[in-house]
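**Q** One structure follows; several queries about it will come next.
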There are 4 protein chains.
Amino acid sequence: MTAFEPQTDDYAARVRESYDRQTAMVTLGAELTAIGPGTVEIVLPFRADLCQQHGFIHAGIITAIADSACGYAAYSLMPADAGVLTVEFKVNFLHPAAGERLIARGMVSRAGRTISVCAADIFAVSGDSEKVVATMLATVMTIQGREGVRG
Amino acid sequence: MTAFEPQTDDYAARVRESYDRQTAMVTLGAELTAIGPGTVEIVLPFRADLCQQHGFIHAGIITAIADSACGYAAYSLMPADAGVLTVEFKVNFLHPAAGERLIARGMVSRAGRTISVCAADIFAVSGDSEKVVATMLATVMTIQGREGVRG
Amino acid sequence: MTAFEPQTDDYAARVRESYDRQTAMVTLGAELTAIGPGTVEIVLPFRADLCQQHGFIHAGIITAIADSACGYAAYSLMPADAGVLTVEFKVNFLHPAAGERLIARGMVSRAGRTISVCAADIFAVSGDSEKVVATMLATVMTIQGREGVRG
Amino acid sequence: MTAFEPQTDDYAARVRESYDRQTAMVTLGAELTAIGPGTVEIVLPFRADLCQQHGFIHAGIITAIADSACGYAAYSLMPADAGVLTVEFKVNFLHPAAGERLIARGMVSRAGRTISVCAADIFAVSGDSEKVVATMLATVMTIQGREGVRG
């Protein structure tokens with residue numbers, strides 16, 4: 001992983017301020033637990049009401065925290081007046097998402113002026129053990145000068 | 001779209017029974033509105049508590065209903081004792097997901113013995129107008145003879 | 001499929017001129033056989049020297065013609081001074097690529113100012129029969145004002 | 001990266017034997033330069049006849065060596081009687097592929113009985129400098145007992 005230089009001093013505050021406006025994260029009970037330049041970590045405690053038919057966390061819910069982790073990893077490196085949008089992502093599901101909580105760790109692979117590429121691994125945690133359950137590769141866009149798209 | 005022949009007479013009932021065990025769909029307020037051989041439709045009424053930072057439905061939530069639509073489209077063509085698992089998917093986001101409700105329409109492109117490939121388009125509906133906001137291409141697996149994986 | 005309005009009268013000539021500079025297409029023996037506003041078709045006659053280990057056309061070669069079909073489908077709708085770059089794509093392989101020739105049919109799903117989304121289906125042709133062997137979902141970028149990136 | 005235990009002593013010989021049957025790799029001039037348990041490296045010297053319209057190596061050609069690197073990384077961990085097939089992949093293109101040669105480094109992320117997930121980074125090399133130009137995330141399948149699919 002390359003070390004990235006943020007363009008703003010308050011990148012962490014900007015990420016947190018935008019994250020706090022994601023009502024979906026509140027509804028799912030997901031918490032933003034770490035912010036670095038080009039990296040973000042989000043934790044989702046296991047909830048029985050977020051499952052698919054076999055009692056594992058639903059693929060879409062796993063994807064939700066991975067998408068926010070990737071998007072904010074990219075956003076942490078953007079200029080102050082920018083907004084962030086997800087262009088697309090792909091997720092591979094490696095193991096059933098069971099355990100006490102999920103951790104999505106997103107990081108920037110390439111920070112471009114318009115297009116950034118990010119990756120996230122999603123881990124299921126049970127006691128001391130951490131197991132990767134999914135992996136995301138995402139394309140994220142920097143938006144500037146568009147009404148209503150900031151943060 | 002090819003016409004598919006289901007392997008079971010009660011495919012629609014099997015899809016519905018499995019869907020009803022997806023607690024995430026209940027939590028999100030998503031409804032299974034149509035089932036055909038190789039096709040499934042899921043509707044999600046807009047909710048302000050499922051949004052990203054700009055007030056549009058969160059990409060992960062869009063993905064959740066698209067994943068269920070693809071998975072159950074594939075499941076409708078599987079044998080009676082099978083279970084369905086998502087191997088991976090990719091989603092492109094075309095327009096912001098605003099409107100009164102989202103509709104995810106999943107359909108099977110290829111139904112294999114082990115691997116099926118499905119596509120879903122996700123539409124935002126406002127009054128009479130329907131606009132595609134995202135598109136998914138997914139790989140789904142038929143599981144047989146594995147403990148705890150049925151439906 | 002939506003009907004698209006090209007921004008230039010000579011879109012077909014522009015596509016062909018750029019395609020003719022793709023030396024990889026010449027090396028593979030791929031031909032540009034149809035151009036419409038937002039659609040492109042490329043044909044690759046079967047060659048035993050483009051195969052993987054089981055004697056089917058290599059996934060990368062299938063991808064090469066699908067990528068050119070998607071990229072030029074998007075390019076056909078771009079302004080006269082633009083260049084086209086592939087941001088990313090995903091390809092699902094549905095059946096082994098055997099037959100007399102492959103046909104990649106690319107079309108635009110969404111034509112944006114910066115980002116376009118395209119899809120391609122790739123067919124294997126044997127006599128009168130045509131069978132889809134792969135499907136691509138691609139993200140393509142319009143480049144303007146960058147030195148050396150035109151066409 | 002996890003360390004993987006190969007199931008056969010001659011995994012490297014099996015990989016090489018199968019690779020040598022990929023006529024596409026010969027045609028492109030790609031060489032298999034390293035084989036480990038769950039890892040494969042392939043080198044493609046730059047050739048002006050494998051380019052897209054701006055003189056960079058064509059996305060499909062980059063994909064071809066990345067696909068072979070991923071497929072053989074997975075194959076190195078498979079049982080002796082198995083065959084390997086690519087189910088799907090996604091590739092993000094990060095920088096133009098210019099330089100003296102490309103190196104694709106594939107590695108297994110998850111080795112399953114039926115489904116393996118692999119990643120590859122593709123680097124452009126100029127003199128002493130190496131730059132990542134693309135990244136692949138792939139799903140690969142182990143085939144057993146199917147006529148004509150071995151290696």
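Naming scheme: A, B, ... for chains in displayed order of the structure tokens; residues 1 onward per chain; ligands 1 onward as shown.
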If we count only C-alpha atoms, which residues of chain C reach to within 6 Å of chain D? Please list them as a PyMOL selection string.
**A** chain C and resi 18+21-24+49-53+60+63-64+87-93
**Q** Give me, as a list in words, all polymer residues having an atom no more than 10 Å from Gly38 (chain B), counting only C-alpha atoms and skipping those fewer than 4 positions away in the same chain.
**A**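 My reading of the contact set: Met1, Thr2, Ala3, Phe4, Glu5, Pro6, Tyr11, Ala69, Cys70, Gly71, Tyr72, Ala73, Ala74, Tyr75, Ser76, Leu77, Met78, Gly106, Met107, Val108, Ser109, Arg110, Ala111 and Cys118 of chain B.
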**Q** Looking only at alpha helix (DSSP H) from DSSP on the backbone, list the matching residues of region 51-130 of chain B as a list in words.
**A** Ala59, Gly60, Ile61, Ile62, Thr63, Ala64, Ile65, Ala66, Asp67, Ser68, Ala69, Cys70, Gly71, Tyr72, Ala73, Ala74 and Tyr75 of chain B
**Q** Give me every strand (DSSP E or B) residue in chain C, going by DSSP on the backbone, as a ChimeraX atom specification.
**A** /C:31-36,39-45,51,57,83-93,101-111,115-126,129-143
**Q** If you measure from CA of Glu147 (chain A) to CA of Ala30 (chain A), what distance in Å do you get, rounded to one decimal?
**A**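 We find that CA of Glu147 (chain A) and CA of Ala30 (chain A) lie 27.9 Å from each other.
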